[in-house]
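Data file: work_15.txt. Format and content: compact mmCIF, C-alpha atoms.
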# COMPACT_ATOMS: atom_id res chain seq x y z
CA MET A 1 -15.90 -9.36 -1.16
CA LYS A 2 -14.98 -6.56 -3.51
CA ASN A 3 -12.19 -4.17 -2.65
CA GLU A 4 -12.56 -0.65 -3.97
CA MET A 5 -10.20 2.29 -3.94
CA PRO A 6 -11.77 5.11 -1.92
CA ARG A 7 -11.73 8.48 -3.61
CA ILE A 8 -10.49 11.78 -2.22
CA PRO A 9 -13.27 13.25 -0.05
CA ASN A 10 -15.21 16.52 -0.36
CA SER A 11 -16.07 16.36 -4.03
CA ASN A 12 -18.77 15.99 -6.65
CA HIS A 13 -19.52 12.68 -8.34
CA LYS A 14 -19.79 14.14 -11.81
CA LEU A 15 -16.72 13.29 -13.84
CA LEU A 16 -15.56 16.06 -16.12
CA LYS A 17 -14.74 14.75 -19.59
CA LYS A 18 -11.83 16.11 -21.54
CA GLY A 19 -10.42 13.55 -23.94
CA SER A 20 -10.35 10.32 -21.92
CA LYS A 21 -11.84 9.87 -18.47
CA LEU A 22 -9.27 10.95 -15.90
CA ILE A 23 -9.87 10.17 -12.25
CA LEU A 24 -7.58 11.49 -9.52
CA SER A 25 -7.91 8.77 -6.89
CA ALA A 26 -6.92 8.81 -3.26
CA ALA A 27 -4.29 6.16 -2.69
CA THR A 28 -6.06 4.40 0.17
CA PHE A 29 -7.15 0.79 0.30
CA GLY A 30 -10.48 -0.18 1.81
CA VAL A 31 -12.32 -3.33 2.84
CA VAL A 32 -16.00 -3.28 3.85
CA ALA A 33 -17.40 -5.80 6.32
CA ALA A 34 -21.08 -5.93 7.33
CA GLY A 35 -21.82 -6.87 10.92
CA SER A 36 -18.30 -7.71 12.06
CA PHE A 37 -14.77 -6.46 11.55
CA GLN A 38 -12.51 -8.34 9.15
CA GLY A 39 -8.92 -7.96 10.39
CA VAL A 40 -6.19 -6.68 8.13
CA ASN A 41 -2.87 -8.50 8.56
CA TYR A 42 0.30 -6.71 7.75
CA VAL A 43 3.51 -8.19 6.44
CA VAL A 44 6.18 -5.72 7.42
CA ASN A 45 9.90 -6.44 7.18
CA ASN A 46 11.99 -6.47 10.32
CA TYR A 47 14.81 -4.02 10.22
CA ASN A 48 18.17 -4.80 11.83
CA LYS A 49 19.83 -1.63 12.92
CA GLN A 50 22.43 -1.06 15.63
CA ASN A 51 21.53 1.48 18.32
CA THR A 52 23.50 2.96 21.17
CA THR A 53 20.65 4.47 23.21
CA VAL A 54 17.83 2.26 24.38
CA GLN A 55 15.30 4.85 25.53
CA SER A 56 15.55 7.25 22.60
CA THR A 57 13.99 6.99 19.17
CA ASN A 58 16.46 7.11 16.29
CA VAL A 59 16.62 9.78 13.64
CA VAL A 60 16.84 8.68 10.03
CA ASN A 61 20.41 8.79 8.76
CA THR A 62 20.72 11.16 5.84
CA SER A 63 23.64 12.09 3.64
CA THR A 64 24.75 15.50 2.42
CA LYS A 65 25.44 13.78 -0.88
CA SER A 66 22.73 12.03 -2.83
CA THR A 67 23.14 8.39 -3.74
CA SER A 68 21.86 6.32 -6.62
CA ASP A 69 21.41 3.32 -4.32
CA VAL A 70 17.68 3.06 -3.63
CA SER A 71 18.26 0.17 -1.22
CA LYS A 72 20.31 2.42 1.10
CA VAL A 73 17.57 5.05 1.13
CA ALA A 74 14.97 2.37 1.88
CA GLN A 75 17.04 0.73 4.62
CA ASN A 76 17.59 4.04 6.40
CA CYS A 77 14.08 5.42 6.01
CA MET A 78 11.70 2.49 6.36
CA PRO A 79 11.90 2.51 10.19
CA SER A 80 10.20 5.94 10.07
CA ILE A 81 7.24 4.69 8.00
CA VAL A 82 4.12 3.22 9.63
CA SER A 83 1.01 1.45 8.39
CA ILE A 84 -2.33 2.90 9.51
CA THR A 85 -5.61 1.01 9.86
CA ASN A 86 -8.81 3.04 10.05
CA VAL A 87 -11.91 1.29 11.39
CA SER A 88 -15.09 3.33 10.93
CA VAL A 89 -18.83 2.78 11.24
CA SER A 90 -21.45 4.26 8.94
CA ASP A 91 -25.21 4.01 8.46
CA VAL A 92 -26.31 2.16 5.33
CA GLN A 93 -29.75 1.44 3.91
CA ASN A 94 -31.29 -1.64 5.49
CA TYR A 95 -33.02 -3.11 2.45
CA PHE A 96 -34.28 -6.11 4.42
CA SER A 97 -36.37 -3.83 6.63
CA LEU A 98 -38.09 -1.99 3.78
CA TYR A 99 -41.10 -4.29 3.91
CA GLY A 100 -40.87 -5.32 7.55
CA ARG A 101 -42.71 -4.04 10.59
CA ASN A 102 -39.72 -1.89 11.60
CA SER A 103 -39.13 -0.36 8.16
CA ARG A 104 -40.18 3.12 9.26
CA SER A 105 -38.48 3.13 12.63
CA ASN A 106 -35.24 1.42 11.54
CA PRO A 107 -34.53 2.03 7.83
CA PHE A 108 -30.75 1.96 8.35
CA THR A 109 -28.22 -0.47 9.75
CA GLN A 110 -24.66 0.15 10.85
CA GLN A 111 -21.81 -1.25 8.80
CA GLU A 112 -18.19 -1.42 9.82
CA SER A 113 -15.50 -0.74 7.24
CA THR A 114 -11.73 -0.83 7.24
CA SER A 115 -9.28 1.19 5.18
CA VAL A 116 -5.52 1.23 5.30
CA GLY A 117 -2.93 3.87 4.53
CA SER A 118 0.51 5.01 5.60
CA GLY A 119 2.18 7.61 7.77
CA VAL A 120 5.60 9.09 8.56
CA ILE A 121 7.08 9.59 12.03
CA ILE A 122 8.14 13.25 12.22
CA ASN A 123 8.46 14.08 15.91
CA LYS A 124 8.97 12.71 19.41
CA LYS A 125 8.23 14.95 22.39
CA ASP A 126 6.60 14.82 25.83
CA GLY A 127 6.04 11.08 25.77
CA GLU A 128 4.38 11.11 22.35
CA ILE A 129 5.47 10.11 18.86
CA ASP A 130 3.81 12.18 16.15
CA ILE A 131 2.96 10.76 12.72
CA LEU A 132 2.12 12.78 9.61
CA THR A 133 -0.45 11.33 7.20
CA ASN A 134 -3.32 12.32 4.92
CA TYR A 135 -6.60 13.52 6.37
CA HIS A 136 -8.54 11.11 4.16
CA VAL A 137 -6.57 8.21 5.73
CA ILE A 138 -7.93 8.95 9.22
CA LYS A 139 -11.26 10.57 8.36
CA GLY A 140 -14.27 9.20 10.28
CA ALA A 141 -12.23 6.73 12.31
CA THR A 142 -13.66 5.12 15.40
CA THR A 143 -10.33 3.33 15.92
CA LEU A 144 -6.88 4.09 14.51
CA THR A 145 -4.12 1.51 14.73
CA CYS A 146 -0.50 2.01 13.69
CA THR A 147 1.78 -0.87 12.74
CA LEU A 148 5.41 0.04 13.33
CA ALA A 149 8.65 -1.22 11.80
CA ASP A 150 8.89 -4.25 14.11
CA ASN A 151 5.23 -5.26 13.52
CA THR A 152 4.08 -3.75 16.82
CA ASN A 153 0.45 -2.58 16.70
CA VAL A 154 -0.44 0.44 18.82
CA GLU A 155 -3.56 2.58 19.04
CA ALA A 156 -3.26 6.19 17.87
CA THR A 157 -5.24 9.36 18.49
CA VAL A 158 -5.78 12.34 16.22
CA LYS A 159 -3.76 15.38 17.26
CA GLY A 160 -4.66 17.88 14.55
CA VAL A 161 -6.07 18.01 11.03
CA ASP A 162 -5.95 20.24 7.98
CA GLU A 163 -8.87 19.16 5.82
CA ASP A 164 -8.16 21.63 3.03
CA ARG A 165 -4.66 20.34 2.46
CA ASP A 166 -5.62 16.74 3.19
CA LEU A 167 -3.18 16.42 6.09
CA ALA A 168 -3.38 15.11 9.65
CA VAL A 169 -1.07 14.46 12.57
CA ILE A 170 -1.80 11.47 14.81
CA SER A 171 0.13 10.45 17.89
CA ILE A 172 1.04 7.33 19.86
CA LYS A 173 2.34 7.13 23.40
CA THR A 174 5.90 6.04 24.03
CA SER A 175 4.67 4.35 27.21
CA ASP A 176 2.73 1.92 25.00
CA LEU A 177 5.95 0.82 23.27
CA SER A 178 8.69 -1.49 24.45
CA GLU A 179 12.32 -0.43 24.60
CA ASP A 180 13.06 -2.81 21.74
CA THR A 181 10.40 -1.14 19.56
CA LEU A 182 11.79 2.31 20.34
CA LYS A 183 15.16 1.08 19.14
CA GLN A 184 13.78 -0.04 15.80
CA ILE A 185 11.74 2.99 14.78
CA ALA A 186 13.13 6.32 13.61
CA ILE A 187 12.13 9.95 13.07
CA ALA A 188 12.17 11.17 9.48
CA THR A 189 14.46 14.01 8.47
CA ILE A 190 12.49 16.81 6.82
CA GLY A 191 13.95 18.02 3.52
CA ASP A 192 13.38 21.07 1.34
CA SER A 193 10.96 20.31 -1.49
CA ASP A 194 11.58 23.77 -2.96
CA LYS A 195 14.96 22.50 -4.13
CA LEU A 196 13.49 19.63 -6.15
CA GLN A 197 14.30 19.61 -9.83
CA VAL A 198 12.39 17.97 -12.66
CA GLY A 199 14.09 14.68 -13.52
CA GLU A 200 15.47 14.18 -10.01
CA GLN A 201 15.16 10.62 -8.69
CA VAL A 202 12.80 10.02 -5.77
CA VAL A 203 11.70 7.05 -3.65
CA ALA A 204 8.16 6.32 -2.45
CA ILE A 205 7.51 4.09 0.58
CA GLY A 206 4.09 3.04 1.83
CA ASN A 207 1.68 0.29 2.78
CA ALA A 208 0.64 -0.66 -0.76
CA LEU A 209 -2.55 -2.78 -0.83
CA GLY A 210 -2.22 -3.33 2.92
CA TYR A 211 0.50 -5.94 2.42
CA GLY A 212 3.11 -3.98 4.38
CA GLN A 213 5.74 -1.47 3.41
CA SER A 214 6.87 -1.52 -0.19
CA VAL A 215 9.37 0.64 -2.06
CA THR A 216 9.04 2.16 -5.51
CA THR A 217 11.23 4.66 -7.30
CA GLY A 218 10.92 7.12 -10.15
CA ILE A 219 11.65 10.70 -11.10
CA VAL A 220 10.06 14.06 -10.43
CA SER A 221 7.86 14.62 -13.46
CA ALA A 222 6.82 18.14 -12.44
CA THR A 223 6.90 20.48 -9.47
CA ASN A 224 4.11 22.83 -8.46
CA ARG A 225 1.63 20.84 -10.51
CA SER A 226 -1.74 22.50 -9.94
CA VAL A 227 -4.78 20.22 -9.73
CA SER A 228 -8.24 21.61 -9.03
CA THR A 229 -11.72 20.18 -8.61
CA SER A 230 -15.11 21.06 -10.02
CA SER A 231 -16.43 21.80 -6.52
CA ASP A 232 -17.46 25.34 -5.69
CA THR A 233 -15.69 25.16 -2.32
CA ASP A 234 -12.49 23.33 -3.20
CA LYS A 235 -9.56 25.26 -4.64
CA SER A 236 -6.58 24.08 -6.60
CA GLN A 237 -3.60 22.69 -4.74
CA SER A 238 -0.01 22.33 -5.84
CA TYR A 239 1.56 18.85 -5.94
CA ILE A 240 4.81 17.14 -6.78
CA GLN A 241 4.10 14.90 -9.75
CA THR A 242 6.12 11.70 -9.96
CA ASP A 243 6.13 8.53 -12.02
CA ALA A 244 7.02 6.38 -8.98
CA ALA A 245 4.29 3.76 -8.57
CA ILE A 246 1.63 4.98 -6.13
CA ASN A 247 -0.93 2.31 -5.24
CA PRO A 248 -3.90 1.99 -2.86
CA GLY A 249 -2.48 2.05 0.67
CA ASN A 250 0.32 4.50 -0.20
CA SER A 251 -1.71 7.50 0.97
CA GLY A 252 0.14 9.32 3.74
CA GLY A 253 3.42 7.59 2.94
CA ALA A 254 6.78 9.19 2.25
CA LEU A 255 8.23 10.64 -0.91
CA LEU A 256 11.98 10.86 -0.33
CA ASN A 257 14.93 12.38 -2.15
CA MET A 258 18.10 10.38 -2.66
CA SER A 259 19.57 11.84 0.52
CA GLY A 260 16.79 10.10 2.47
CA GLU A 261 14.98 13.34 3.33
CA LEU A 262 11.18 13.60 3.42
CA ILE A 263 10.14 15.97 0.64
CA GLY A 264 6.51 14.94 0.08
CA ILE A 265 3.47 13.03 1.36
CA ASN A 266 2.07 10.68 -1.27
CA SER A 267 -1.63 11.38 -1.66
CA ALA A 268 -3.17 10.47 -5.00
CA LYS A 269 -2.72 9.00 -8.44
CA LEU A 270 -4.25 9.64 -11.82
CA SER A 271 -6.17 6.47 -12.62
CA ASP A 272 -7.20 5.63 -16.18
CA THR A 273 -6.61 2.84 -18.66
CA ASP A 274 -4.80 5.30 -20.93
CA VAL A 275 -2.64 6.84 -18.18
CA GLU A 276 0.44 5.46 -16.44
CA GLY A 277 2.93 6.83 -13.96
CA MET A 278 1.15 9.93 -12.70
CA GLY A 279 1.29 10.08 -8.91
CA TYR A 280 0.94 13.16 -6.73
CA ALA A 281 2.54 14.13 -3.42
CA ILE A 282 2.00 17.13 -1.17
CA ALA A 283 5.22 19.18 -1.15
CA ILE A 284 6.55 19.25 2.41
CA SER A 285 7.90 22.83 2.24
CA ASP A 286 4.46 24.13 1.28
CA VAL A 287 2.84 22.84 4.47
CA LYS A 288 5.41 23.41 7.22
CA ASP A 289 3.23 26.01 8.95
CA SER A 290 0.26 23.65 8.82
CA ILE A 291 2.33 20.80 10.28
CA ASN A 292 3.59 23.00 13.12
CA THR A 293 0.02 24.00 13.97
CA MET A 294 -1.12 20.37 14.08
CA LEU A 295 1.88 19.38 16.21
CA GLN A 296 0.58 21.85 18.79
CA GLY A 297 -2.65 19.87 18.97
CA LYS A 298 -4.67 22.33 16.89
CA ASP A 299 -6.72 21.99 13.73
CA VAL A 300 -5.91 24.26 10.80
CA SER A 301 -8.98 26.36 10.08
CA LYS A 302 -10.26 26.79 6.57
CA SER A 303 -10.03 30.56 6.85
CA SER A 304 -6.32 30.46 7.71
CA THR A 305 -5.66 27.97 4.95
CA GLN A 306 -7.43 30.17 2.42
CA SER A 307 -5.53 33.28 3.45
CA SER A 308 -2.10 31.65 3.51
CA TYR A 309 -2.43 29.33 0.54
CA TYR A 310 -5.45 29.76 -1.64
CA ASN A 311 -4.88 33.47 -2.17
CA ASN A 312 -1.76 32.47 -4.06
CA ASN A 313 -3.91 30.53 -6.51
CA GLU A 314 -6.49 33.13 -7.47
CA GLU A 315 -6.01 32.32 -11.13
CA ASP A 316 -7.56 28.90 -10.44
CA ASP A 317 -10.83 30.25 -9.03
CA ASP A 318 -12.73 29.08 -12.12
CA ASP A 319 -12.95 25.38 -11.32
CA SER A 320 -15.19 24.67 -14.29
CA SER A 321 -12.12 24.37 -16.51
CA SER A 322 -10.63 21.55 -14.46
CA PRO A 323 -9.96 18.28 -16.33
CA PHE A 324 -10.10 16.37 -13.02
CA ASP A 325 -12.74 15.57 -10.49
CA PHE A 326 -12.18 14.22 -6.98
CA TRP A 327 -14.37 11.26 -6.06
CA ASN A 328 -15.34 10.04 -2.60
Could you render the structure as structure tokens?
Amino acid sequence: MKNEMPRIPNSNHKLLKKGSKLILSAATFGVVAAGSFQGVNYVVNNYNKQNTTVQSTNVVNTSTKSTSDVSKVAQNCMPSIVSITNVSVSDVQNYFSLYGRNSRSNPFTQQESTSVGSGVIINKKDGEIDILTNYHVIKGATTLTCTLADNTNVEATVKGVDEDRDLAVISIKTSDLSEDTLKQIAIATIGDSDKLQVGEQVVAIGNALGYGQSVTTGIVSATNRSVSTSSDTDKSQSYIQTDAAINPGNSGGALLNMSGELIGINSAKLSDTDVEGMGYAIAISDVKDSINTMLQGKDVSKSSTQSSYYNNNEEDDDDSSSPFDFWN
């Protein structure tokens, strides 16, 4: 069985060439299974953390002063990170029926596929825990399952999406969780990505390769890095560029500053044999309005996204000059 890295959706399949071949790849990890579902097992560390309130979900401890100790950031923040499994079904060509009696009436067969990504717990209200992730992590799902810090698996539902910015909010019910699980998970503290400086150290946490949460660290290589596609409908979007390792399965995971604050959602990497250390995260301060809309159970319309965001990028309207292309 061959595992392939899914590409960011809504794009052309013609790779623009400028120097070497550069492919901006969605950091999801997929497994395809024909006929039956192949389970994905997670290996997630247990986190020992003292709690004083049984019924409430913790909030990630942050510090007003940054630290150089990545292990402290990881220990405090990993309880707010979840693994997400997306099970979807699609129609594929049934080659065995091409010459059979049913070739005309049944040219396709259904195939089940599984992809895994990450998410960040950002809110708890009205009996629900809300998780921020990428839209491409949950796209087309027939079933969404979240694996929490204590290895608990719980089914999630989509609350709101923003396709243009590749964001989604999904939710799980607190009634589906035990008191012990509620003690071991935490709500991320939202930071201010506008204050990021080039060269600042950051930490990335996500479900790399579906093995469970892993931690990488690096620096901010650039802020407001504009990346556009060759599509006529897609516009350029601004990212935080980092050299922290971003691997398949990291999509939707957290990019954190050294105070343990969430300042980005890891989304993609530049993949090429001649390129190393170019990962991209959606800056959290750029999408606060979008997140608030999704938390209300609403989808962000394309028209509102274009008026509030894309109008600030009018200089990027000519996508033909883009050195990148997004692949499905």
Between CA of Thr62 (chain A) and CA of Leu167 (chain A), what is the spacing in Å? 24.5 Å
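Nearest to Ala208 (chain A) of all the residues A:Val161, A:Val82, A:Ile121, A:Val89 is A:Val82, based on only C-alpha atoms.
Interatomic distance, CA of Gly279 (chain A) to CA of Gly119 (chain A): 16.9 Å.
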Using all atoms listed in the file - which residues lie no farther than 8 Å from the point (2.2, 13.2, 21.9) in the file's frame? Write them as a PyMOL selection string. chain A and resi 124-130+159+171-173
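Our summary of the geometry notes that CA of Leu295 (chain A) is positioned 27.6 Å from CA of Thr242 (chain A).
Of the residues listed (A:Val73, A:Val215, A:Val137, A:Val92), A:Val137 shows the shortest atom-to-atom separation from Ala168 (chain A); distances use only C-alpha atoms.
Each of A:Thr109, A:Ser193, A:Asn224, A:Thr147 was checked against Asn86 (chain A) using all atoms listed in the file; the smallest atom-to-atom distance is that of A:Thr147.
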Residue nearest Ala26 (chain A) among A:Asn134, A:Thr293, A:Asn61, A:Ser68 (counting all atoms listed in the file): A:Asn134
Anything within 9 Å of (-5.0, 4.5, 3.2): list those residues as JSON, numbers by chain, counting all atoms listed in the file and sticking to the file's coordinates. {"A": [6, 26, 27, 28, 29, 30, 83, 84, 85, 86, 115, 116, 117, 118, 134, 136, 137, 138, 207, 208, 209, 210, 248, 249, 250, 251, 252, 253]}
Could you write out that same residue set with C-alpha atoms as a PDB file, in the coordinates of the input?
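Here's the written file again_32.pdb:
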ATOM      1  CA  PRO A   6     -11.770   5.110  -1.920  1.00  0.00           C
ATOM      2  CA  ALA A  26      -6.920   8.810  -3.260  1.00  0.00           C
ATOM      3  CA  ALA A  27      -4.290   6.160  -2.690  1.00  0.00           C
ATOM      4  CA  THR A  28      -6.060   4.400   0.170  1.00  0.00           C
ATOM      5  CA  PHE A  29      -7.150   0.790   0.300  1.00  0.00           C
ATOM      6  CA  GLY A  30     -10.480  -0.180   1.810  1.00  0.00           C
ATOM      7  CA  SER A  83       1.010   1.450   8.390  1.00  0.00           C
ATOM      8  CA  ILE A  84      -2.330   2.900   9.510  1.00  0.00           C
ATOM      9  CA  THR A  85      -5.610   1.010   9.860  1.00  0.00           C
ATOM     10  CA  ASN A  86      -8.810   3.040  10.050  1.00  0.00           C
ATOM     11  CA  SER A 115      -9.280   1.190   5.180  1.00  0.00           C
ATOM     12  CA  VAL A 116      -5.520   1.230   5.300  1.00  0.00           C
ATOM     13  CA  GLY A 117      -2.930   3.870   4.530  1.00  0.00           C
ATOM     14  CA  SER A 118       0.510   5.010   5.600  1.00  0.00           C
ATOM     15  CA  ASN A 134      -3.320  12.320   4.920  1.00  0.00           C
ATOM     16  CA  HIS A 136      -8.540  11.110   4.160  1.00  0.00           C
ATOM     17  CA  VAL A 137      -6.570   8.210   5.730  1.00  0.00           C
ATOM     18  CA  ILE A 138      -7.930   8.950   9.220  1.00  0.00           C
ATOM     19  CA  ASN A 207       1.680   0.290   2.780  1.00  0.00           C
ATOM     20  CA  ALA A 208       0.640  -0.660  -0.760  1.00  0.00           C
ATOM     21  CA  LEU A 209      -2.550  -2.780  -0.830  1.00  0.00           C
ATOM     22  CA  GLY A 210      -2.220  -3.330   2.920  1.00  0.00           C
ATOM     23  CA  PRO A 248      -3.900   1.990  -2.860  1.00  0.00           C
ATOM     24  CA  GLY A 249      -2.480   2.050   0.670  1.00  0.00           C
ATOM     25  CA  ASN A 250       0.320   4.500  -0.200  1.00  0.00           C
ATOM     26  CA  SER A 251      -1.710   7.500   0.970  1.00  0.00           C
ATOM     27  CA  GLY A 252       0.140   9.320   3.740  1.00  0.00           C
ATOM     28  CA  GLY A 253       3.420   7.590   2.940  1.00  0.00           C
TER      29      GLY A 253
END
Neighbour list for region 148-155 of chain A as number ranges by chain, cut-off 12 Å, all atoms listed in the file, skip fewer than 2 positions in-chain: A: 40-49, 75-87, 118-121, 129, 131, 141-146, 157-158, 170-187, 206-207, 212-213
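The residue that comes closest to Ser113 (chain A), out of A:Gly277, A:Val203, A:Lys288, A:Ser90 and on the basis of all atoms listed in the file, is A:Ser90.
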Which centre and edge lengths in Å to one decimal define the box along x, y and z that fits every listed atom of region 113-122 of chain A plus 4 Å per side, as JSON?
{"center_x": -3.7, "center_y": 6.2, "center_z": 8.4, "size_x": 31.6, "size_y": 22.1, "size_z": 15.7}
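Distance annotation: of A:Ala283, A:Ile219, A:Ile291, A:Val300, the residue with the minimal separation from Val202 (chain A) is A:Ile219; atom set is only C-alpha atoms.
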